[in-house]
Amino acid sequence: EPDPLMITERFRLMLRPVHLRTLLDRLARAIITVGGLATIVSILGIFFFLFREVTPLFTAPSAKLTQRLSVPALLVDKGPAQVAVDEHREIAQVFTSGAIQFFDLASGQPIPLEMPAQLKSRQITAMASGGGNAPRLAVGTADGEVLFLKVGTTTEFTDQGERRKRPHIRAGQPIPLTKGPIVRLAYRANDHGSLLALLSKGGRLLVVRIAADDVAGQHPIITELPQPRGAVTALALDALLENLYVGTADGQVVHVALSETESPEMRAAYTVAASSTAVTTLGFLSGDRSLVVMTADGAVSTWGLVRRADAPSGWTLIQIHTLRTHNAPVTAFAPSQRVKGFVTGDMKGNLFLHHATSSQTLLRLANSEFPIRAVAFAPKGDGLIALDGAGQLSLYQVQNAYPEVTLETLFGKVWYEGYDQPAHVWQSSSGSDDVAPKLGLLPLAFGTLKGTMYALFLAVPIAILAAMCTSQFMHQDLRAKIKPIIEVMAALPTVVLGFLAGLWLAPLLERMLPAVAGMALVLPLLVVVASFAWYLCPLSVKRHLPQGQEALLLIPILGLGIAGCLWANSFIESWWFDGNVKAWLSSRLGIQYDQRNALVVGLVMGFAIVPVIYSIAEEALSNVPKIQIAGSLALGATRWQTVLHLVLLSASPGIFSAVMIGFGRAIGETMIVLMATGNTPILDWNWANGFRTLSANIAVEIPEAPHGGSLYRVLFLAALLLFIVTFVINSLAELIRQRLRDKYSHG
């Protein structure tokens, strides 16, 4: 058995000071090691979490054929056709010149449906969708009549909670409009009424307007348009009922301006293809602002009306995006109801999935070897349905969650709808779902750099010079009081600083801008004059103030200078800025002054990071060996020469670290820039304009971002960029600091 006396003796020896110190050292080493490893693991965990949230943005789109029905009955005619599928991809609708048929996709069987009496005895020669999500159709007949239809499905739930869908067709009375068959038709409807553009077999091009209260179409307003130079091959109307586009066989698109009160006006004809290449299809993207032009040589492009001063009407149609070309004439087109994407089909049976804003063709599907007669998106954008010339109905499941996000749209110039030229834009939301989100990160990255540079421009000189003064020139008793006061400034909450900057300093600075401009000249001049005056003072005067405390004399002098500039604010504005500083800046320098701007942020954020830079720089300067300083002074160097040529070089690694830590502090600042910049994501170095930073943008946008959506993941990408930039800068800073230390710390 162990001897109790021996155990007691060993325990007593362990409690001796030497052994206790060893135990404490080992314990501290273990705690520090565990803490360091935990920090590394936490950083890696944050990185991989951000990376996981961002990765889906750049996942390649895919499409899978889920079902194909062979319907020989659809081959009865080769006329116009339209297809549709419900949001759950359970019921397919096929509308041909022969009939309207619904198919249960689960069983592949047609759903019995009684056709309206108005359609039974008429031969359909043209058809067009009314646009939007409502299932409104217009059909033209061989007798020159037009009928309006509502075709769709009604969802019902049984007592057991089962969902059932019932197809329905409602048809209005036929409206006679012309003699002979209608061969082409475009249709749009809104709350003000319906608008039709049609081409008869005899070549007549008509615009028909029917008022909203004229349900039966008893009093249509019919206007015949002049014939274009080439044969009409395609028609397209926009949702505002203001523009008609006519495609011709000689590769032109004719723009016709429409008005409720005036006659249609043929504005201009635009060449969109070679003269021998016909425009085969015209259509609009979601929102009806971008016109998609498809031609017989397989070319696909988007066009938009852009303001031009040299155009007679002030507007001209310009090609915005060019998509991948088919190797055959384009025969079918369908826009997505959710994004600026669309699908096209050609004579060789190929389907191309495009996205206009990013100017990319996402997918090419070899559907069959037969021409594509009709194609449509599922309402949720997660499916496609196509009808080919062999009577085959094909259904695809599409995975394409983030088509608008590419490296080009994130960091390059993009030509958005409604813009006169490509631009860097961040605008994640708008008043309408038809407007494409603009997720350009470059303005935010630029704003982050702009705010950081303005803050460092103020903070770095003040902090380093203050550290030099307190560590090398100031009296020890005064240094012991001032240093803690400056370091306590770092504890001020940034939300309080941002609140004061936005609600107090910004309006004050706007009123006192002339005085601030005066201070920029007066205060440095007062410091130089006061220093020179002190230098000329006799020793009998200097003896009354202990060495190292003469800087206290600057406090009342600078206070008087600030008070004088504030008192003379109106005089400075009248004498220097012609009585109105904002008008002077606008007329002389072309600067529009915003109340919340980079100057406000530079002052407040610079104030916030001064204590961080000062504290580290002051410690580095104070730790320069006194023996080296004394040796320099003994060899005849002045105090300033010693500080500039010895102390600064020896402390340069620490000063560089202080600046880099201040840079990291500024680049990640959120609350000050959020409350004091106006949050305008623009690319402009102007000090009088606002900006938006990556961190502030995350704080503003993340509460409203739908989980898993494009905006949500782009915000995580912004966070990942901040993480990577901070990591890279800190790593480079540490490498440079090590080299500086090796170079200057062993002299």
# chains A, B, ... in the order shown; residues from 1 in each chain; ligands from 1

$ residues_around --residues "Ser574 in chain A" --least-positions-apart "5" --cutoff "12 Å" --atoms "only C-alpha atoms" --output "list in words"
Pro514, Ala515, Ala568, Asn569, Gly579, Asn580, Val581, Ala583 and Trp584 of chain A

$ select_by_dssp --residues "range 572-721 of chain A" --states "helix (DSSP H, G or I)" --output "number ranges by chain"
A: 572-576, 581-589, 598-622, 626-634, 639-667, 671-676, 694-704, 710-721

$ residues_around --residues "range 420-427 of chain A" --least-positions-apart "5" --cutoff "9 Å" --atoms "only C-alpha atoms" --output "ChimeraX atom specification"
/A:305-308,320,409-415,436-444,681-683

$ closest_residue --among "A:Ile91, A:Ala517, A:Leu285, A:Ala234" --to "Glu417 in chain A" --atoms "only C-alpha atoms"
A:Leu285

$ residues_around --residues "range 218-226 of chain A" --least-positions-apart "3" --cutoff "8 Å" --atoms "only C-alpha atoms" --output "list in words"
Ile175, Leu177, Arg204, Leu205, Leu206, Val207, Val208, Arg209, Ile210, Ala211, Asp214, Val215, Ser263 and Pro264 of chain A

$ residues_around --residues "range 38-47 of chain A" --least-positions-apart "4" --cutoff "12 Å" --atoms "only C-alpha atoms" --output "ChimeraX atom specification"
/A:31-34,51-54,716-717,719-724,727

$ atom_distance --atom1 "CA of Gly606 in chain A" --atom2 "CA of Ile672 in chain A"
10.5 Å

$ closest_residue --among "A:Asp238, A:Glu573, A:Asp742, A:Glu510" --to "Leu599 in chain A" --atoms "only C-alpha atoms"
A:Glu510

$ residues_around --residues "Leu362 in chain A" --least-positions-apart "6" --cutoff "7 Å" --atoms "only C-alpha atoms" --output "list in words"
Pro61, Leu353 and His354 of chain A

$ residues_around --residues "Lys348 in chain A" --least-positions-apart "3" --cutoff "12 Å" --atoms "only C-alpha atoms" --output "list in words"
Gly298, His326, Asn327, Ala328, Pro329, Val330, Thr331, Ala332, Thr344, Gly345, Leu351, Phe352, Leu365, Ala366, Asn367, Ser368, Glu369, Phe370, Pro371, Ile372, Arg373, Asp388, Gly389 and Ala390 of chain A

$ closest_residue --among "A:Thr470, A:Asn730, A:Ser313, A:Asn597" --to "Asn686 in chain A" --atoms "only C-alpha atoms"
A:Asn597

$ atom_distance --atom1 "CA of Ala212 in chain A" --atom2 "CA of Val246 in chain A"
24.9 Å

$ atom_distance --atom1 "CA of His355 in chain A" --atom2 "CA of Gly381 in chain A"
12.2 Å
